[in-house]
Amino acid sequence: MATVQTNYHQEVLIISQKYKLKAVTICFLAAFITGGFGAAIGLVSPQLAAFYGVHVSHIVYLDVLNIVGLLIGNILSARLMERLGCHKTLLLAIFLGIIAQFTISFGFPLAVYAVCALINGACLGLLVPTVSQSIFAAYRASNKGEARLNILNFFFGLGAAVVPIVGGYIVHYFSWKGVFAALGSLYVLLFILAFFCVYRFEQADATVSHTKKASPPSENHQHKMLNLSVVLIALALVFYVYVEYIVSYWFSPYLQEEKSVAVIYTGAIIGVFWAMIALFRLIVGIFILSKVKPAYYLIISTAITIIGFLVFLASDSIVLFFIGAIILGIGCSALFPTLLGYGITQANYNSPKITAFLIMSGSIGAAICLFTSGFLGQHINKQVPIYLGPLLGIGIIILVSIVIWKEKQASNA
């Protein structure tokens, strides 16, 4: 059957130059502050367990409520972004974060902590899709959406690097409560700034050109967002977020309780991991993805991640733990934003619903991680959850390879 070149018009969301600077500034600052929370909760999990008189695995189990809230936020985010706009959705997310952080810092009973975990999860579930959609829209016209998502995630990583390092000293010299009070204060400042920096989306027509069989696709096919490639990338996001949560939640108790590493050094090791993520997300977003196809970058970086896990697991000294954390950070650096951007481009058309679906897939990975790693850490030992990291890395390579194969098959058809 003959092939023909066809063009059709498609409505896409963009942020005009008038609002671009405001949107980018607010989103980057929100990513910085929010990135610190996950690292903070992982760092102080042994102190939280001691304060409430429970096993550290019980804190991990309770933080599943964080993921439940995250999923609720992800589910609601697409509808809220469409009805309220990204700016108002972001304000709502920040407000929820203020409530959660300050309430946790007061050290109320464990039941209240559980409720705050749910609220904070909702904050993250609304905030991450909102800032991701905003950045993608701000740079969509220049075809730099994927690369700029990596820069956005540089700020997530930067926050996750700074908070454990500073938080380690706050915990050592003051209390774990001070970490959450500091995060709450940063959210207050962000809310004030975001309230006065309003930005809006606009609709623009984009001409999409592609080659296909002479018979046109059905109307239903044109309006169907999901396809097998998107689902495979969503599953890869499940695996990756599982890997990231292993580092966030289990490195600290493993180092402090199994390897007797002081909290200051533990915070520094986790901080170095996130610092490498932040630094290399910036490098990848600006330099590498403009020269290397995202799919091939994903395979290379996942292989580096697997090596980092093996080095960390074989380590028995602080220096080697730092080296393992550095390799892991380099490998993990741009996996999430590149998978996210790659998944968005695999969809039949762009929509906030695709962004929310992919991020929600990662949230499911986090929930699975907290359940299974908590069980393994409690009933076997704290090293077993970390063993899953390299295995999941192999899974990511397989899934991305299948998508590459499907792309080649489609181009040769």
# chains A, B, ... in the order shown; residues from 1 in each chain; ligands from 1
>>> select_by_dssp(residues="stretch 78-305 of chain A", states="strand (DSSP E or B)", output="ChimeraX atom specification")
/A:202-213
>>> residues_around(residues="A:Val68", least_positions_apart="3", cutoff="10 Å", atoms="only C-alpha atoms", output="list in words")
Asp63, Val64, Leu65, Leu71, Ile72, Gly73, Asn74, Ala117, Leu118, Ile119, Gly121, Ala122, Gly125, Ser363, Ile364, Ala366 and Ala367 of chain A
>>> write_last_selection(atoms="N, CA and C atoms", output="compact mmCIF listing (two decimals), in the first residue's frame")
# COMPACT_ATOMS: atom_id res chain seq x y z
N ASP A 63 4.29 6.14 55.74
CA ASP A 63 4.54 7.04 54.61
C ASP A 63 3.92 6.54 53.32
N VAL A 64 3.33 5.34 53.35
CA VAL A 64 2.50 4.91 52.21
C VAL A 64 1.33 5.87 52.05
N LEU A 65 0.87 6.46 53.17
CA LEU A 65 -0.20 7.47 53.10
C LEU A 65 0.26 8.68 52.29
N LEU A 71 -1.13 9.95 44.89
CA LEU A 71 -2.00 9.41 43.84
C LEU A 71 -3.28 10.23 43.71
N ILE A 72 -3.85 10.61 44.86
CA ILE A 72 -5.06 11.44 44.83
C ILE A 72 -4.77 12.77 44.13
N GLY A 73 -3.63 13.37 44.49
CA GLY A 73 -3.24 14.62 43.85
C GLY A 73 -3.01 14.45 42.36
N ASN A 74 -2.34 13.35 41.97
CA ASN A 74 -2.11 13.08 40.55
C ASN A 74 -3.43 12.95 39.78
N ALA A 117 1.06 13.13 56.49
CA ALA A 117 1.68 12.44 55.37
C ALA A 117 0.73 12.39 54.17
N LEU A 118 -0.55 12.15 54.44
CA LEU A 118 -1.56 12.14 53.38
C LEU A 118 -1.69 13.52 52.73
N ILE A 119 -1.73 14.56 53.56
CA ILE A 119 -1.86 15.93 53.04
C ILE A 119 -0.63 16.32 52.23
N GLY A 121 1.37 14.35 50.69
CA GLY A 121 1.34 13.61 49.44
C GLY A 121 0.44 14.28 48.41
N ALA A 122 -0.71 14.78 48.86
CA ALA A 122 -1.61 15.50 47.95
C ALA A 122 -0.93 16.75 47.40
N GLY A 125 1.41 15.54 44.79
CA GLY A 125 0.65 15.02 43.66
C GLY A 125 0.08 16.11 42.78
N SER A 363 4.17 7.39 40.99
CA SER A 363 3.65 7.36 42.35
C SER A 363 3.27 5.94 42.76
N ILE A 364 2.75 5.18 41.82
CA ILE A 364 2.42 3.78 42.11
C ILE A 364 3.69 3.00 42.45
N ALA A 366 6.28 4.25 43.87
CA ALA A 366 6.66 4.65 45.22
C ALA A 366 5.86 3.87 46.26
N ALA A 367 4.56 3.70 46.01
CA ALA A 367 3.71 2.97 46.96
C ALA A 367 4.16 1.52 47.07
>>> residues_around(residues="A:Val179", least_positions_apart="4", cutoff="12 Å", atoms="only C-alpha atoms", output="ChimeraX atom specification")
/A:36-44,47-48,101-102,104-107,162-175,183-186
>>> residues_around(residues="stretch 370-373 of chain A", least_positions_apart="6", cutoff="8 Å", atoms="only C-alpha atoms", output="list in words")
Val60, Tyr61, Asp63, Val64, Tyr245, Ile246, Val384 and Pro385 of chain A
>>> atom_distance(atom1="atom CA of A:Phe156", atom2="atom CA of A:Ala111")
28.5 Å
>>> residues_around(residues="A:Phe154", least_positions_apart="4", cutoff="10 Å", atoms="only C-alpha atoms", output="list in words")
Phe28, Ala31, Phe32, Gly35, Arg148, Leu149, Asn150, Leu158, Gly159, Ala160, Trp274, Ala275, Met276, Ile277, Ala278, Leu279, Phe280, Arg281, Leu282, Ile283, Val284, Gly285, Ser333, Ala334 and Pro337 of chain A
>>> write_last_selection(atoms="C-alpha atoms", output="short mmCIF file (atom, residue, chain, number, x, y, z; two decimals), in the first residue's frame")
data_model
loop_
_atom_site.label_atom_id
_atom_site.label_comp_id
_atom_site.auth_asym_id
_atom_site.auth_seq_id
_atom_site.Cartn_x
_atom_site.Cartn_y
_atom_site.Cartn_z
CA PHE A 28 11.94 26.14 39.63
CA ALA A 31 10.76 22.21 42.62
CA PHE A 32 13.70 23.18 44.87
CA GLY A 35 12.62 18.19 46.31
CA ARG A 148 13.90 21.94 30.12
CA LEU A 149 12.13 19.23 32.13
CA ASN A 150 15.62 18.08 33.04
CA LEU A 158 19.19 20.56 44.23
CA GLY A 159 16.62 20.78 47.01
CA ALA A 160 17.10 17.10 47.78
CA TRP A 274 21.21 14.33 45.22
CA ALA A 275 23.90 16.89 44.41
CA MET A 276 25.12 14.64 41.59
CA ILE A 277 21.53 14.28 40.41
CA ALA A 278 21.08 18.06 40.41
CA LEU A 279 24.38 18.78 38.67
CA PHE A 280 24.02 16.15 35.96
CA ARG A 281 20.36 16.96 35.34
CA LEU A 282 21.55 20.44 34.43
CA ILE A 283 24.35 19.10 32.22
CA VAL A 284 22.07 16.56 30.54
CA GLY A 285 19.28 19.11 30.01
CA SER A 333 20.35 12.13 37.43
CA ALA A 334 18.04 12.58 34.46
CA PRO A 337 12.56 13.78 33.58
#
>>> atom_distance(atom1="atom CA of A:Gln346", atom2="atom CA of A:Ile402")
12.9 Å
>>> closest_residue(among="A:Trp176, A:Pro253, A:Gly343, A:Thr355", to="A:Ser134", atoms="only C-alpha atoms")
A:Thr355
>>> closest_residue(among="A:Leu124, A:Leu340, A:Cys369, A:Val115", to="A:Leu237", atoms="only C-alpha atoms")
A:Leu340
>>> residues_around(residues="A:Gln133", least_positions_apart="2", cutoff="9 Å", atoms="only C-alpha atoms", output="JSON, numbers by chain")
{"A": [86, 128, 129, 130, 131, 135, 136, 137, 138, 351, 352, 355, 356]}
>>> residues_around(residues="A:Leu392", least_positions_apart="2", cutoff="10 Å", atoms="only C-alpha atoms", output="VMD selection string")
chain A and resid 236 238 to 243 302 306 387 to 390 394 to 398
